[in-house]
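The next block is input.tsv, given as TSV, C-alpha atoms.
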chain	number	residue	atom	x	y	z
C	797	MET	CA	189.93	-156.45	-5.31
C	798	GLU	CA	193.06	-158.33	-4.22
C	799	PRO	CA	193.79	-157.96	-0.48
C	800	PHE	CA	196.83	-155.87	0.36
C	801	ARG	CA	198.72	-157.19	3.38
C	802	LYS	CA	202.50	-157.60	3.42
C	803	PHE	CA	204.97	-157.93	0.57
C	804	SER	CA	208.57	-157.15	-0.39
C	805	GLY	CA	209.19	-155.52	-3.74
C	806	ILE	CA	211.75	-153.74	-5.91
C	807	VAL	CA	211.54	-149.95	-5.83
C	808	ALA	CA	211.57	-147.90	-9.03
C	809	PRO	CA	212.28	-144.14	-8.90
C	810	LEU	CA	210.41	-141.44	-10.80
C	811	ASP	CA	212.22	-138.28	-9.78
C	812	LEU	CA	209.63	-135.73	-10.86
C	813	ASN	CA	207.24	-133.33	-9.13
C	814	ASN	CA	203.66	-132.74	-10.28
C	815	VAL	CA	203.26	-135.88	-12.41
C	816	ASP	CA	199.74	-135.49	-13.80
C	817	THR	CA	197.25	-138.16	-14.76
C	818	ASP	CA	197.66	-137.41	-18.48
C	819	GLN	CA	201.30	-138.46	-18.17
C	820	ILE	CA	200.38	-141.52	-16.11
C	821	ILE	CA	197.87	-142.65	-18.76
C	822	PRO	CA	197.48	-140.38	-21.84
C	823	LYS	CA	193.92	-139.56	-22.91
C	824	GLN	CA	194.06	-141.48	-26.22
C	825	PHE	CA	194.14	-144.75	-24.26
C	826	LEU	CA	190.97	-144.19	-22.27
C	827	LYS	CA	188.74	-146.08	-24.68
C	828	ARG	CA	188.65	-149.40	-22.84
C	829	ILE	CA	185.75	-150.09	-20.48
C	830	GLU	CA	187.59	-152.80	-18.50
C	831	ARG	CA	189.95	-151.90	-15.67
C	832	THR	CA	192.69	-154.11	-17.08
C	833	GLY	CA	194.99	-153.66	-20.08
C	834	PHE	CA	196.18	-150.13	-19.26
C	835	GLY	CA	199.61	-151.09	-17.94
C	836	GLN	CA	201.10	-151.26	-21.43
C	837	PHE	CA	200.28	-147.56	-21.85
C	838	LEU	CA	201.57	-146.36	-18.47
C	839	PHE	CA	203.77	-143.23	-18.84
C	840	PHE	CA	203.51	-143.88	-22.59
C	841	ASP	CA	204.94	-140.55	-23.77
C	842	TRP	CA	207.98	-141.01	-21.53
C	843	ARG	CA	208.50	-144.77	-21.89
C	844	TYR	CA	208.52	-144.75	-25.70
C	845	ASP	CA	210.14	-142.63	-28.38
C	846	SER	CA	208.44	-141.33	-31.54
C	847	HIS	CA	208.97	-144.76	-33.19
C	848	LYS	CA	207.27	-146.50	-30.23
C	849	ALA	CA	210.58	-148.06	-29.16
C	850	LEU	CA	211.52	-148.08	-25.47
C	851	ASN	CA	213.16	-144.81	-24.49
C	852	PRO	CA	216.51	-145.76	-22.88
C	853	ASP	CA	216.66	-142.39	-21.09
C	854	PHE	CA	213.49	-143.02	-19.11
C	855	GLU	CA	214.53	-144.35	-15.73
C	856	LEU	CA	211.77	-146.93	-15.36
C	857	ASN	CA	212.99	-148.66	-18.53
C	858	ALA	CA	216.30	-149.59	-16.88
C	859	SER	CA	216.68	-153.37	-16.41
C	860	ARG	CA	217.47	-152.92	-12.69
C	861	TYR	CA	213.89	-151.75	-12.11
C	862	ARG	CA	212.22	-154.57	-14.06
C	863	GLY	CA	209.43	-156.14	-12.04
C	864	ALA	CA	209.24	-153.21	-9.61
C	865	SER	CA	206.10	-153.13	-7.49
C	866	ILE	CA	206.83	-149.95	-5.52
C	867	LEU	CA	207.06	-146.53	-7.18
C	868	LEU	CA	209.04	-143.81	-5.42
C	869	THR	CA	208.27	-140.32	-6.66
C	870	ARG	CA	208.00	-136.67	-5.70
C	871	ALA	CA	205.35	-134.18	-4.56
C	872	ASN	CA	201.81	-133.80	-5.93
C	873	PHE	CA	201.80	-137.10	-7.81
C	874	GLY	CA	198.53	-137.78	-9.66
C	875	CYS	CA	197.46	-134.16	-10.16
C	876	GLY	CA	195.36	-133.06	-13.14
C	877	SER	CA	192.21	-134.91	-14.07
C	878	SER	CA	190.14	-137.22	-11.86
C	879	ARG	CA	190.45	-140.16	-14.28
C	880	GLU	CA	190.36	-143.44	-12.41
C	881	HIS	CA	192.31	-144.99	-15.27
C	882	ALA	CA	195.51	-143.64	-13.68
C	883	PRO	CA	195.52	-146.06	-10.71
C	884	TRP	CA	194.22	-148.79	-13.05
C	885	ALA	CA	197.30	-148.32	-15.27
C	886	LEU	CA	199.71	-148.29	-12.33
C	887	LEU	CA	198.16	-151.44	-10.86
C	888	ASP	CA	198.04	-153.22	-14.22
C	889	TYR	CA	201.74	-152.41	-14.73
C	890	GLY	CA	202.52	-154.02	-11.38
C	891	PHE	CA	202.75	-151.19	-8.84
C	892	ARG	CA	200.99	-151.98	-5.54
C	893	CYS	CA	202.49	-149.19	-3.46
C	894	LEU	CA	203.37	-145.56	-4.24
C	895	ILE	CA	205.59	-143.43	-2.01
C	896	ALA	CA	205.71	-139.63	-2.31
C	897	PRO	CA	205.64	-136.53	-0.09
C	898	SER	CA	202.12	-135.74	-1.34
C	899	PHE	CA	199.43	-136.86	-3.77
C	900	ALA	CA	196.55	-135.10	-5.48
C	901	ASP	CA	193.43	-135.70	-3.37
C	902	ILE	CA	191.17	-137.44	-5.93
C	903	PHE	CA	194.01	-139.63	-7.18
C	904	TYR	CA	194.92	-140.52	-3.57
C	905	ASN	CA	191.37	-141.69	-2.86
C	906	ASN	CA	191.12	-143.57	-6.17
C	907	CYS	CA	194.24	-145.55	-5.26
C	908	PHE	CA	192.61	-146.98	-2.14
C	909	LYS	CA	189.47	-147.86	-4.10
C	910	ASN	CA	191.56	-149.88	-6.54
C	911	GLY	CA	193.92	-151.78	-4.25
C	912	ILE	CA	196.97	-149.50	-4.35
C	913	LEU	CA	198.53	-148.15	-1.17
C	914	PRO	CA	199.71	-144.52	-1.54
C	915	VAL	CA	202.13	-143.64	1.27
C	916	ARG	CA	202.91	-140.06	2.23
C	917	LEU	CA	206.40	-139.67	3.70
C	918	ASP	CA	208.17	-136.43	4.54
C	919	GLU	CA	210.60	-134.90	2.02
C	920	ASP	CA	213.72	-136.02	3.94
C	921	SER	CA	212.59	-139.65	4.09
C	922	VAL	CA	211.73	-139.65	0.38
C	923	GLU	CA	215.12	-138.14	-0.45
C	924	HIS	CA	216.83	-140.79	1.69
C	925	LEU	CA	215.00	-143.54	-0.20
C	926	PHE	CA	215.93	-142.00	-3.58
C	927	GLN	CA	219.59	-142.14	-2.59
C	928	GLU	CA	219.26	-145.77	-1.47
C	929	VAL	CA	217.49	-146.77	-4.69
C	930	ARG	CA	220.21	-145.24	-6.85
C	931	ARG	CA	223.02	-146.65	-4.68
C	932	THR	CA	221.71	-150.23	-4.48
C	933	ALA	CA	220.73	-152.29	-7.54
C	934	GLY	CA	217.60	-154.30	-6.77
C	935	PHE	CA	216.78	-152.11	-3.77
C	936	GLN	CA	213.72	-153.52	-2.01
C	937	LEU	CA	211.30	-152.45	0.67
C	938	THR	CA	208.95	-154.53	2.76
C	939	VAL	CA	205.50	-153.01	3.07
C	940	ASP	CA	203.48	-154.32	6.02
C	941	LEU	CA	200.05	-152.74	6.07
C	942	LYS	CA	198.85	-154.67	9.13
C	943	GLU	CA	201.72	-153.22	11.16
C	944	LYS	CA	201.54	-149.89	9.22
C	945	LYS	CA	205.27	-150.02	8.56
C	946	ILE	CA	207.74	-149.90	5.66
C	947	THR	CA	211.14	-151.50	6.28
C	948	THR	CA	214.40	-151.37	4.31
C	949	GLU	CA	216.68	-154.40	4.00
C	950	LYS	CA	219.08	-152.65	6.40
C	951	GLY	CA	216.38	-152.38	9.04
C	952	SER	CA	215.34	-148.72	8.77
C	953	SER	CA	211.61	-148.29	9.05
C	954	PHE	CA	208.95	-145.70	8.25
C	955	SER	CA	205.40	-145.52	9.58
C	956	ILE	CA	202.55	-145.71	7.09
C	957	PRO	CA	200.09	-142.89	7.85
C	958	VAL	CA	196.74	-144.48	7.00
C	959	ASP	CA	193.40	-144.37	8.82
C	960	ASP	CA	191.85	-147.57	10.15
C	961	TYR	CA	188.94	-147.57	7.66
C	962	ARG	CA	191.20	-147.53	4.61
C	963	ARG	CA	193.64	-149.97	6.19
C	964	ASP	CA	190.82	-152.43	6.95
C	965	ALA	CA	189.43	-152.09	3.42
C	966	LEU	CA	192.79	-152.85	1.78
C	967	LEU	CA	193.63	-155.68	4.18
C	968	ASN	CA	190.33	-157.35	3.23
C	969	GLY	CA	190.39	-156.41	-0.46
C	970	LEU	CA	187.17	-154.40	-0.22
C	971	ASP	CA	186.14	-151.23	-2.02
C	972	ASP	CA	183.48	-148.84	-0.64
C	973	ILE	CA	180.64	-151.11	-1.79
C	974	GLY	CA	182.26	-154.13	-0.19
C	975	MET	CA	182.79	-152.24	3.07
C	976	THR	CA	179.10	-151.23	3.06
C	977	LEU	CA	177.98	-154.82	2.43
C	978	LYS	CA	179.96	-155.90	5.51
C	979	VAL	CA	177.45	-154.07	7.66
C	980	SER	CA	174.35	-154.81	5.58
C	981	GLU	CA	172.59	-156.57	8.50
C	982	LYS	CA	173.11	-153.52	10.72
C	983	ILE	CA	171.74	-151.30	7.94
C	984	LYS	CA	168.65	-153.50	7.61
C	985	GLN	CA	168.15	-153.44	11.38
C	986	PHE	CA	168.47	-149.65	11.44
C	987	GLU	CA	166.02	-149.28	8.57
C	988	SER	CA	163.49	-151.55	10.25
C	989	ASN	CA	163.67	-149.42	13.43
C	990	HIS	CA	163.45	-146.11	11.62
C	991	ARG	CA	160.66	-146.51	9.12
C	992	VAL	CA	159.39	-143.32	7.56
C	993	SER	CA	155.69	-142.69	8.04
C	994	ILE	CA	153.93	-140.84	5.25
C	995	HIS	CA	150.80	-139.00	6.24
C	996	HIS	CA	148.41	-138.10	3.44
C	997	VAL	CA	146.65	-134.81	3.91

Is it possible to give me this structure as structure tokens?
Amino acid sequence: MEPFRKFSGIVAPLDLNNVDTDQIIPKQFLKRIERTGFGQFLFFDWRYDSHKALNPDFELNASRYRGASILLTRANFGCGSSREHAPWALLDYGFRCLIAPSFADIFYNNCFKNGILPVRLDEDSVEHLFQEVRRTAGFQLTVDLKEKKITTEKGSSFSIPVDDYRRDALLNGLDDIGMTLKVSEKIKQFESNHRVSIHHV
């Protein structure tokens, strides 16, 4: 997993509540066994029309959001199924950070396990960012996970509410298995001091 530390990126808006995982990556594209290759199908039913041409009315298709790495959206993003393909598709498309007032729990946890930082900000802050994105072409944010801070180009900043375990895992590019292997020697030492005795009757 690629470490997540500090980067500046273009912000793309998705002004919708309750975006479910079947909209993020429709079920007909869940046939791959690799984690890569799903970005082309991200938001497929919204990005493309019935002739599979880009839908000009879908905001993410606008040229000003090309290359965006931060997705700004509304409440309860990632609801629906528990499919891990949803964060895979977002990451493969190029999004490293998601900002919303709230996320569905399973989706939120899956993001951390796959190198995406989901950031919960209050409704007023999210609304402020939506206005800035629409007002400023090429609007960018700097995401600094080490300092737990998001900064606008004008100097406004927002705290990133993330616990130290998840922050450490992302900073080092480790999933749950990787975090466990970091303390493998301590686990071995514990096991050697707490051997189970089996008494045959």

What are the nearest atom pairs, with distances in Å to one decimal, for all residues of segment 939-966 of chain C that come at most 12 Å from segment 896-907 of chain C, using all atoms listed in the file, set out by chain and rising residue number as a Markdown table?
| residue | atom | partner | partner_atom | distance |
| --- | --- | --- | --- | --- |
| C:Ile956 | CA | C:Ala896 | CA | 11.6 |
| C:Pro957 | CA | C:Pro897 | CA | 11.6 |
| C:Val958 | CA | C:Tyr904 | CA | 11.4 |
| C:Arg962 | CA | C:Asn905 | CA | 9.5 |
| C:Ala965 | CA | C:Cys907 | CA | 11.9 |
| C:Leu966 | CA | C:Cys907 | CA | 10.2 |

Export of the given selection (C-alpha atoms) as a PDB file, keeping the file's coordinate frame:
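And here is the file that came out, selection_27.pdb:
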ATOM      1  CA  ILE C 956     202.550-145.710   7.090  1.00  0.00           C
ATOM      2  CA  PRO C 957     200.090-142.890   7.850  1.00  0.00           C
ATOM      3  CA  VAL C 958     196.740-144.480   7.000  1.00  0.00           C
ATOM      4  CA  ARG C 962     191.200-147.530   4.610  1.00  0.00           C
ATOM      5  CA  ALA C 965     189.430-152.090   3.420  1.00  0.00           C
ATOM      6  CA  LEU C 966     192.790-152.850   1.780  1.00  0.00           C
TER       7      LEU C 966
END

(message) Just the number, please: distance in Å from atom CA of Ser878 of chain C to atom CA of Ile821 of chain C, one decimal.
(response) 11.7 Å

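Contact shell of segment 802-805 of chain C at 9 Å (all atoms listed in the file; same-chain neighbours under 3 positions omitted): Gly863, Ala864, Ser865, Ile866, Phe935, Gln936, Leu937, Thr938, Val939, Asp940, Leu941, Lys942 and Glu943 of chain C.
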
(message) Using only C-alpha atoms, list the residues that have an atom at most 6 Å from (202.9, -145.2, 2.3), coordinates as in the file, as a PyMOL selection string.
(response) chain C and resi 895+914-916+956

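When only C-alpha atoms are used to compute distances to Arg870 of chain C, the closest of the residues C:Leu826, C:Leu812, C:Leu838, C:Ala849 turns out to be C:Leu812.
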
Listed atoms of segment 830-843 of chain C, axis-aligned box, 4 Å per side: centre and edge lengths to one decimal in Å, as lines of an AutoDock Vina configuration file?
center_x = 198.0
center_y = -147.3
center_z = -19.7
size_x = 28.9
size_y = 21.6
size_z = 16.1

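Atom CA of Asp972 of chain C is positioned 20.0 Å from atom CA of Ile829 of chain C.
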
(request) Quote the spacing between atom CA of Gly911 of chain C and atom CA of Phe800 of chain C in Å to one decimal place. (result) 6.8 Å

(request) Name the closest residue to Phe837 of chain C among the candidates C:Gln819, C:Gln927, C:Ser859, C:Ser955; distances are taken between atoms, counting only C-alpha atoms. (result)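 Closest to Phe837 of chain C, using only C-alpha atoms: C:Gln819.
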